[in-house]
Amino acid sequence: DAGVIQSPRHEVTEMGQEVTLRCKPISGHDYLFWYRQTMMRGLELLIYFNNNVPIDDSGMPEDRFSAKMPNASFSTLKIQPSEPRDSAVYFCASSRTYYEAFFGQGTRLTVV
Amino acid sequence: TQLLEQSPQFLSIQEGENLTVYCNSSSVFSSLQWYRQEPGEGPVLLVTVVTGGEVKKLKRLTFQFGDARKDSSLHITAAQPGDTGLYLCAGPYTGGFKTIFGAGTRLFVKA
């Protein structure tokens, strides 16, 4: 069974550009999470969905960030406009429960 | 504020040694999870502990949940280079249906 699939694995973009990160969760998982990991702040939950509905987006840093889950097999995290401080590894994870998570390999975002 | 504090932050040991890492909080958790993250990869769930005092074993790894469900430990016996990675503990935040993570213990096992 395939795990959580994220794309792209690496993204380098210029400040001000729009960035879209993509995620395909594990089939049958009702929860989908977006996390950001940096050395300074560790692993932070940005937003999570249950049955495609956003439940808690209190971790989204500001209005430049948005996330969608149009169906059970796809989600996107968009940053517009991107800034250098957004550079981090972004993880998507899915689960059957809200307290366990199966992570993808992550997208390493660099904004220059 | 529910926080999970992990110690030590860094640990470098020789192959064959034993070690214990800790995850502590002033709050009670209904469960705690342990993850291992290797460089360039996402965290991988190792175990969930639910009952106070519970002990779970996964080959050379032993996980224990404190009696009061405020702390947990991970003990590795005869560490191997393949154990190298970032060990994260996590738990469900009682203020909402989401999980908080500790900052992790970065383990390096030298051959």
# chains A, B, ... in the order shown; residues from 1 in each chain; ligands from 1
>>> residues_around(residues="Ser26 of chain B", least_positions_apart="2", cutoff="9 Å", atoms="only C-alpha atoms", output="number ranges by chain")
B: 2-4, 24, 28, 70-71
>>> write_last_selection(atoms="all heavy atoms", output="CSV table (one decimal), in the first residue's frame")
chain,number,residue,atom,x,y,z
B,2,GLN,N,0.1,23.2,27.1
B,2,GLN,CA,0.6,21.9,27.1
B,2,GLN,C,1.9,21.8,26.3
B,2,GLN,O,1.9,22.1,25.2
B,2,GLN,CB,-0.4,20.9,26.5
B,2,GLN,CG,-1.5,20.4,27.4
B,2,GLN,CD,-2.3,19.4,26.8
B,2,GLN,OE1,-2.9,19.7,25.7
B,2,GLN,NE2,-2.4,18.2,27.3
B,3,LEU,N,3.0,21.5,27.0
B,3,LEU,CA,4.2,21.3,26.3
B,3,LEU,C,4.8,19.9,26.6
B,3,LEU,O,4.6,19.4,27.6
B,3,LEU,CB,5.2,22.4,26.9
B,3,LEU,CG,5.0,23.8,26.5
B,3,LEU,CD1,6.0,24.7,27.2
B,3,LEU,CD2,5.0,24.0,25.0
B,4,LEU,N,5.5,19.5,25.6
B,4,LEU,CA,6.3,18.2,25.8
B,4,LEU,C,7.8,18.6,25.7
B,4,LEU,O,8.2,19.1,24.7
B,4,LEU,CB,5.9,17.2,24.7
B,4,LEU,CG,4.5,16.6,24.8
B,4,LEU,CD1,4.1,15.8,23.5
B,4,LEU,CD2,4.4,15.7,26.0
B,24,ASN,N,8.7,14.7,28.8
B,24,ASN,CA,8.1,15.1,30.1
B,24,ASN,C,7.1,16.3,29.8
B,24,ASN,O,7.3,17.1,29.0
B,24,ASN,CB,9.1,15.5,31.1
B,24,ASN,CG,10.0,14.4,31.5
B,24,ASN,OD1,9.5,13.4,32.1
B,24,ASN,ND2,11.3,14.5,31.2
B,28,VAL,N,-1.4,16.1,31.8
B,28,VAL,CA,-1.8,14.7,31.6
B,28,VAL,C,-2.2,14.5,30.1
B,28,VAL,O,-2.9,15.3,29.6
B,28,VAL,CB,-3.0,14.3,32.5
B,28,VAL,CG1,-3.4,12.9,32.2
B,28,VAL,CG2,-2.6,14.4,34.0
B,70,LYS,N,2.0,11.7,32.5
B,70,LYS,CA,2.6,13.0,32.2
B,70,LYS,C,4.0,12.8,31.6
B,70,LYS,O,4.6,13.8,31.2
B,70,LYS,CB,2.8,13.8,33.5
B,70,LYS,CG,1.5,14.2,34.1
B,70,LYS,CD,1.7,15.1,35.4
B,70,LYS,CE,0.5,15.6,36.0
B,70,LYS,NZ,0.7,16.4,37.2
B,71,ASP,N,4.5,11.6,31.5
B,71,ASP,CA,5.8,11.5,31.0
B,71,ASP,C,6.0,10.1,30.3
B,71,ASP,O,5.2,9.2,30.5
B,71,ASP,CB,6.9,11.6,32.1
B,71,ASP,CG,6.6,10.7,33.2
B,71,ASP,OD1,7.1,9.5,33.1
B,71,ASP,OD2,5.9,11.1,34.2
>>> interface_residues(of="chain A", to="chain B", cutoff="6 Å", atoms="only C-alpha atoms", output="ChimeraX atom specification")
/A:42,98-99,103-105
>>> residues_around(residues="Ile47 of chain A", least_positions_apart="2", cutoff="8 Å", atoms="only C-alpha atoms", output="PyMOL selection string")
chain A and resi 33-35+45+49+54-60+67
>>> write_last_selection(atoms="N, CA and C atoms", output="CSV table (one decimal), in the first residue's frame")
chain,number,residue,atom,x,y,z
A,33,PHE,N,-3.2,16.2,7.6
A,33,PHE,CA,-2.5,17.2,8.4
A,33,PHE,C,-1.4,17.8,7.5
A,34,TRP,N,-1.3,19.1,7.6
A,34,TRP,CA,-0.1,19.8,7.1
A,34,TRP,C,0.8,20.3,8.2
A,35,TYR,N,2.1,20.0,8.2
A,35,TYR,CA,3.0,20.4,9.2
A,35,TYR,C,4.1,21.1,8.5
A,45,LEU,N,2.1,22.1,13.6
A,45,LEU,CA,0.8,21.8,12.8
A,45,LEU,C,0.3,23.1,12.2
A,49,PHE,N,-7.6,18.6,8.3
A,49,PHE,CA,-8.9,18.3,7.8
A,49,PHE,C,-9.4,17.0,8.3
A,54,PRO,N,-11.9,21.5,6.6
A,54,PRO,CA,-10.8,22.0,7.5
A,54,PRO,C,-11.4,22.2,8.9
A,55,ILE,N,-10.7,21.6,9.9
A,55,ILE,CA,-11.2,21.6,11.3
A,55,ILE,C,-10.4,22.7,12.1
A,56,ASP,N,-9.2,22.8,12.0
A,56,ASP,CA,-8.4,23.7,12.8
A,56,ASP,C,-7.3,24.3,11.9
A,57,ASP,N,-7.3,25.6,11.7
A,57,ASP,CA,-6.3,26.2,10.9
A,57,ASP,C,-5.6,27.3,11.7
A,58,SER,N,-5.6,27.1,13.0
A,58,SER,CA,-5.0,28.1,13.9
A,58,SER,C,-3.5,28.2,13.8
A,59,GLY,N,-2.9,27.1,13.2
A,59,GLY,CA,-1.5,27.1,13.0
A,59,GLY,C,-1.0,27.8,11.8
A,60,MET,N,-1.9,28.1,10.9
A,60,MET,CA,-1.5,28.8,9.6
A,60,MET,C,-0.9,30.2,10.0
A,67,ALA,N,-5.0,26.4,2.4
A,67,ALA,CA,-5.0,24.9,2.1
A,67,ALA,C,-6.4,24.5,1.7
>>> residues_around(residues="segment 10-20 of chain B", least_positions_apart="5", cutoff="9 Å", atoms="only C-alpha atoms", output="compact mmCIF listing (two decimals) with all heavy atoms, in the first residue's frame")
# COMPACT_ATOMS: atom_id res chain seq x y z
N SER B 73 9.27 7.40 28.44
CA SER B 73 10.68 7.19 28.15
C SER B 73 10.83 6.16 27.04
O SER B 73 9.95 5.31 26.83
CB SER B 73 11.43 6.73 29.40
OG SER B 73 10.95 5.48 29.83
N LEU B 74 11.95 6.27 26.36
CA LEU B 74 12.32 5.34 25.30
C LEU B 74 13.72 4.82 25.63
O LEU B 74 14.66 5.62 25.74
CB LEU B 74 12.30 6.03 23.95
CG LEU B 74 13.09 5.40 22.80
CD1 LEU B 74 12.63 3.98 22.52
CD2 LEU B 74 13.00 6.26 21.54
N HIS B 75 13.83 3.53 25.80
CA HIS B 75 15.12 2.91 26.09
C HIS B 75 15.54 2.06 24.91
O HIS B 75 14.74 1.27 24.39
CB HIS B 75 15.01 2.04 27.35
CG HIS B 75 16.30 1.39 27.74
ND1 HIS B 75 17.31 2.05 28.43
CD2 HIS B 75 16.77 0.13 27.51
CE1 HIS B 75 18.32 1.23 28.62
NE2 HIS B 75 18.03 0.07 28.08
N ILE B 76 16.76 2.25 24.47
CA ILE B 76 17.31 1.45 23.37
C ILE B 76 18.45 0.60 23.93
O ILE B 76 19.39 1.12 24.54
CB ILE B 76 17.81 2.32 22.21
CG1 ILE B 76 16.66 3.18 21.66
CG2 ILE B 76 18.38 1.44 21.09
CD1 ILE B 76 17.07 4.10 20.51
N THR B 77 18.36 -0.67 23.70
CA THR B 77 19.39 -1.62 24.14
C THR B 77 20.33 -1.92 22.97
O THR B 77 19.87 -2.15 21.85
CB THR B 77 18.74 -2.92 24.62
OG1 THR B 77 17.81 -2.61 25.66
CG2 THR B 77 19.77 -3.91 25.12
N ALA B 78 21.62 -1.91 23.27
CA ALA B 78 22.63 -2.24 22.26
C ALA B 78 22.40 -1.46 20.97
O ALA B 78 22.12 -2.03 19.91
CB ALA B 78 22.64 -3.74 21.99
N ALA B 79 22.53 -0.15 21.07
CA ALA B 79 22.24 0.73 19.94
C ALA B 79 23.09 0.37 18.72
O ALA B 79 24.25 -0.06 18.84
CB ALA B 79 22.49 2.18 20.34
N GLN B 80 22.49 0.57 17.55
CA GLN B 80 23.15 0.30 16.27
C GLN B 80 23.14 1.56 15.42
O GLN B 80 22.28 2.44 15.63
CB GLN B 80 22.43 -0.83 15.55
CG GLN B 80 22.42 -2.14 16.31
CD GLN B 80 21.64 -3.22 15.60
OE1 GLN B 80 21.08 -3.02 14.53
NE2 GLN B 80 21.62 -4.40 16.21
N PRO B 81 24.05 1.68 14.48
CA PRO B 81 24.07 2.88 13.62
C PRO B 81 22.71 3.14 12.95
O PRO B 81 22.34 4.30 12.72
CB PRO B 81 25.16 2.55 12.60
CG PRO B 81 26.10 1.68 13.35
CD PRO B 81 25.22 0.82 14.23
N GLY B 104 12.28 17.01 20.21
CA GLY B 104 13.03 15.84 19.76
C GLY B 104 14.38 15.65 20.42
O GLY B 104 14.96 16.57 20.98
N THR B 105 14.84 14.42 20.37
CA THR B 105 16.21 14.05 20.77
C THR B 105 16.92 13.56 19.52
O THR B 105 16.46 12.62 18.88
CB THR B 105 16.22 12.94 21.83
OG1 THR B 105 15.68 13.43 23.05
CG2 THR B 105 17.64 12.44 22.07
N ARG B 106 18.03 14.21 19.22
CA ARG B 106 18.79 13.80 18.03
C ARG B 106 19.87 12.81 18.47
O ARG B 106 20.78 13.15 19.21
CB ARG B 106 19.42 15.03 17.36
CG ARG B 106 19.87 14.77 15.94
CD ARG B 106 20.20 16.08 15.22
NE ARG B 106 19.04 16.94 15.04
CZ ARG B 106 18.16 16.83 14.06
NH1 ARG B 106 18.29 15.87 13.15
NH2 ARG B 106 17.15 17.68 13.96
N LEU B 107 19.74 11.57 17.99
CA LEU B 107 20.64 10.48 18.37
C LEU B 107 21.57 10.15 17.23
O LEU B 107 21.14 9.98 16.09
CB LEU B 107 19.82 9.25 18.75
CG LEU B 107 20.61 7.95 18.99
CD1 LEU B 107 21.50 8.09 20.22
CD2 LEU B 107 19.66 6.77 19.15
N PHE B 108 22.85 10.01 17.58
CA PHE B 108 23.85 9.57 16.61
C PHE B 108 24.59 8.38 17.20
O PHE B 108 25.17 8.48 18.28
CB PHE B 108 24.82 10.70 16.27
CG PHE B 108 25.84 10.33 15.24
CD1 PHE B 108 25.45 10.07 13.93
CD2 PHE B 108 27.18 10.21 15.56
CE1 PHE B 108 26.38 9.71 12.97
CE2 PHE B 108 28.12 9.86 14.60
CZ PHE B 108 27.72 9.60 13.31
N VAL B 109 24.54 7.26 16.50
CA VAL B 109 25.21 6.06 16.96
C VAL B 109 26.41 5.78 16.06
O VAL B 109 26.24 5.56 14.85
CB VAL B 109 24.27 4.84 16.95
CG1 VAL B 109 25.00 3.61 17.49
CG2 VAL B 109 23.01 5.12 17.77
N LYS B 110 27.58 5.82 16.66
CA LYS B 110 28.82 5.64 15.88
C LYS B 110 29.20 4.18 15.82
O LYS B 110 29.14 3.46 16.81
CB LYS B 110 29.95 6.44 16.54
CG LYS B 110 29.72 7.94 16.50
CD LYS B 110 30.80 8.69 17.26
CE LYS B 110 30.57 8.62 18.75
NZ LYS B 110 31.48 9.50 19.52
N ALA B 111 29.61 3.77 14.63
CA ALA B 111 30.02 2.37 14.43
C ALA B 111 31.40 2.12 15.02
O ALA B 111 32.21 3.02 15.17
CB ALA B 111 30.05 2.07 12.93
>>> closest_residue(among="A:Ser82, A:Thr13, A:Ser94, A:Thr107", to="Tyr48 of chain A", atoms="only C-alpha atoms")
A:Ser94
>>> atom_distance(atom1="atom CA of Gly85 of chain B", atom2="atom CA of Thr20 of chain A")
28.7 Å
>>> residues_around(residues="Pro25 of chain A", least_positions_apart="5", cutoff="8 Å", atoms="only C-alpha atoms", output="ChimeraX atom specification")
/A:3-5,32,72-74,92-94
>>> select_by_dssp(residues="chain A", states="strand (DSSP E)", output="VMD selection string")
chain A and resid 5 to 7 10 to 13 19 to 24 31 to 38 42 to 50 53 to 56 65 to 71 74 to 79 88 to 95 102 to 103 107 to 111
>>> closest_residue(among="A:Gly106, A:Arg36, A:Ala88, A:Asn52", to="Met69 of chain A", atoms="only C-alpha atoms")
A:Asn52
